[in-house]
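Engineer: The structure follows.
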Amino acid sequence: MGRVFFIDMVLRSKDLIGTQYLTEDEIEEILTTAQTFTEIAKRTVKKVPALRGRTVVNIFFEPSTRTRTSFELAAKRLSADILNINVSSTEPAYGETLTDIAKTIEAMNVDFVVVRHPMSGVPHLLAQKITSSVINAGDGKHEHPTQALVDLFTIRQLKGYIEDIKVAIVGDISHSREAKSNIWALTKMGAKVNLIGPPTLIPPGIERLGVKIYYDMSDGLKDADVIIIAPVEMTKGHRYLLPSLREYARFYCLTRDRLNNANDDCIVLHSGILKRGIEIDPIIAEEVYDDIIHQIENGTAVRMSVLYLLSFMHKSKLNNGESRKKE
Ligand code: CP
């Protein structure tokens, strides 16, 4: 039998719905635990028994490459069983009510439900209806907490610290759930955050979250240590917000001249499909690609950390609040 020791009750909820609900200590615990899990990826046998016998269900109502696969890999490396349910918007099941979905999931006695949905608030509602731990894998324009935790983990790994670091988030802040989660998490951890983009893509009043707004990219990038590119798309209602992607690129593409305003050792992160020539100059994209690869690699360790820490909350709930044990 392994060594047994008790740890403090660090996470307060059985669910991870958003970084806005996490405390600084909780974020710290997730990042510190993720660091211990990075070592597992370097082993020949990339598996630990921490979640043996537990079941994780990935239920995605929107496409995903990085998040879904890294949750699957995280669950497998922790020895959990994993089930993937992809519900495309063209399938009849898409019309199933949230209550029915919740009852169906509950009936399967699963331990974790990782959910992505185009509507903001779905993970929150689901978490209220089921006893399993619910993890938000991106809901509408609201939050994508594990992506922000991956970004913070990568920043700390590449820069050594987060407090007082200057982060510029560039792009479509209004529609980016990653940007919202990053704003909450970075400001809680003491980073200084600049938001850069056209006025139509920055939510009114967001400066109340302790960020600065810049419509001029060179001004907003001044002395930045980290640049996070929030994806820009020309879909759905976007055509009323931007004249064209070419017009967007004229003012907000990360070019050499604009990057020169940031610190020399500035890192660049992007969590989705990199649009070369629109969001970033193709030559700069090649130069910073190692940072983005680090970010993707870190996705598994951070999601292992989230599943592992939430497993104690779920177990303690089942055991009516019995102390958590690490084995
Ligand atoms: N960052 C992110 O959400 O990527 P996926 O859409 O590939 O999951």
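Labels for the structure tokens follow display order: chains A, B, ..., residues from 1 in each chain, ligands from 1.
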Give me, as a ChimeraX atom specification, the set of residues whose atoms come within 9 Å of any atom of ligand 1, counting only C-alpha atoms and all ligand atoms.
Structural biologist: /A:62-70,116,137-138,144,146-147,177-178,270-273,296
Engineer: Using only C-alpha atoms, which protein or nucleic acid residues come within 12 Å of stretch 253-265 of chain A? Drop anything in the same chain fewer than 2 positions from it, and give the result as number ranges by chain.
Structural biologist: A: 158-159, 165-171, 196-198, 216-232, 245-251, 267-270, 274-285, 287-288, 291
Engineer: Could you give me, as a PyMOL selection string, each residue of stretch 208-327 of chain A that DSSP assigns to strand (DSSP E) when run on this structure's backbone?
Structural biologist: chain A and resi 212-214+226-230+267-270+325-326
Engineer: Keeping only C-alpha atoms, write the selected residues to a file as a PDB file, in the first residue's frame.
Structural biologist:
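What follows is the written file part.pdb:
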```
ATOM      1  CA  LYS A 212      -6.676  48.269 -19.355  1.00  0.00           C
ATOM      2  CA  ILE A 213      -8.192  48.703 -22.822  1.00  0.00           C
ATOM      3  CA  TYR A 214      -6.156  49.665 -25.898  1.00  0.00           C
ATOM      4  CA  VAL A 226       3.319  37.755 -22.732  1.00  0.00           C
ATOM      5  CA  ILE A 227       0.981  38.137 -25.723  1.00  0.00           C
ATOM      6  CA  ILE A 228      -2.134  35.957 -25.857  1.00  0.00           C
ATOM      7  CA  ILE A 229      -3.910  35.992 -29.215  1.00  0.00           C
ATOM      8  CA  ALA A 230      -7.683  35.574 -28.894  1.00  0.00           C
ATOM      9  CA  ILE A 267       6.305  34.906 -25.327  1.00  0.00           C
ATOM     10  CA  VAL A 268       3.276  34.461 -27.606  1.00  0.00           C
ATOM     11  CA  LEU A 269       0.416  32.056 -26.843  1.00  0.00           C
ATOM     12  CA  HIS A 270      -2.566  31.017 -28.965  1.00  0.00           C
ATOM     13  CA  LYS A 325      -6.561  11.469   1.568  1.00  0.00           C
ATOM     14  CA  LYS A 326      -3.664  11.355  -0.876  1.00  0.00           C
TER      15      LYS A 326
END
```
Engineer: Tell me, as a list of chain:residue names, which residues lie within 9 Å of stretch 22-38 of chain A, counting only C-alpha atoms; anything in the same chain fewer than 3 positions away does not count.
Structural biologist: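 Once the adjacent positions are removed, what remains is A:Val10, A:Leu11, A:Arg12, A:Leu16, A:Gly18, A:Thr19, A:Ala41, A:Lys42, A:Leu149, A:Val150, A:Leu152, A:Phe153, A:Arg156, A:Gln157, A:Trp184, A:Ala185, A:Lys188, A:Met189, A:Glu297, A:Asn298, A:Thr300, A:Ala301, A:Val302, A:Arg303, A:Met304, A:Ser305, A:Val306, A:Tyr308, A:Leu309.
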Engineer: Per DSSP on the backbone, filter stretch 88-306 of chain A down to the residues in helix (DSSP H, G or I) and report them as an MDAnalysis selection string.
Structural biologist: chainID A and resid 92:95 98:107 122:129 145:159 177:188 199:201 206:209 217:220 236:240 245:252 256:259 282:306
Engineer: Which value, in Å to one decimal, gives the distance between atom CA of A:His294 and atom CA of A:Ile17?
Structural biologist: 24.5 Å
Engineer: Neighbouring residues of A:Gly121 were defined as those with any atom within 10 Å, considering only C-alpha atoms; residues of the same chain fewer than 3 positions away were excluded. Please report them as a ChimeraX atom specification.
Structural biologist: /A:17,117-118,124-126,136,138-143
Engineer: For those residues, write N, CA and C atoms to a file as a CSV table (one decimal), in the first residue's frame.
Structural biologist:
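Once everything was written out, this is out_37.csv:
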```csv
chain,number,residue,atom,x,y,z
A,17,ILE,N,-16.3,25.4,-13.0
A,17,ILE,CA,-17.2,26.1,-13.9
A,17,ILE,C,-16.5,27.3,-14.5
A,117,HIS,N,-20.4,23.4,-24.6
A,117,HIS,CA,-21.7,23.7,-25.2
A,117,HIS,C,-21.7,25.1,-25.8
A,118,PRO,N,-22.4,25.4,-26.9
A,118,PRO,CA,-22.4,26.7,-27.4
A,118,PRO,C,-23.1,27.8,-26.6
A,124,HIS,N,-22.9,25.2,-15.7
A,124,HIS,CA,-23.4,25.6,-14.3
A,124,HIS,C,-24.7,24.9,-14.0
A,125,LEU,N,-25.6,24.9,-15.0
A,125,LEU,CA,-26.9,24.3,-14.8
A,125,LEU,C,-26.8,22.8,-14.5
A,126,LEU,N,-25.9,22.2,-15.4
A,126,LEU,CA,-25.7,20.7,-15.2
A,126,LEU,C,-25.1,20.4,-13.9
A,136,ASN,N,-16.2,22.6,-17.0
A,136,ASN,CA,-16.6,23.4,-18.1
A,136,ASN,C,-15.4,23.3,-19.1
A,138,GLY,N,-15.7,24.8,-22.0
A,138,GLY,CA,-16.0,26.0,-22.9
A,138,GLY,C,-17.5,26.1,-23.1
A,139,ASP,N,-18.0,27.2,-22.6
A,139,ASP,CA,-19.5,27.4,-22.7
A,139,ASP,C,-19.7,28.8,-23.3
A,140,GLY,N,-20.2,28.8,-24.6
A,140,GLY,CA,-20.6,30.0,-25.3
A,140,GLY,C,-19.4,31.0,-25.2
A,141,LYS,N,-19.8,32.3,-24.9
A,141,LYS,CA,-18.8,33.3,-24.8
A,141,LYS,C,-18.3,33.5,-23.3
A,142,HIS,N,-18.7,32.6,-22.4
A,142,HIS,CA,-18.6,32.8,-21.0
A,142,HIS,C,-17.2,32.4,-20.5
A,143,GLU,N,-16.9,31.1,-20.4
A,143,GLU,CA,-15.6,30.8,-19.8
A,143,GLU,C,-15.0,29.5,-20.4
```
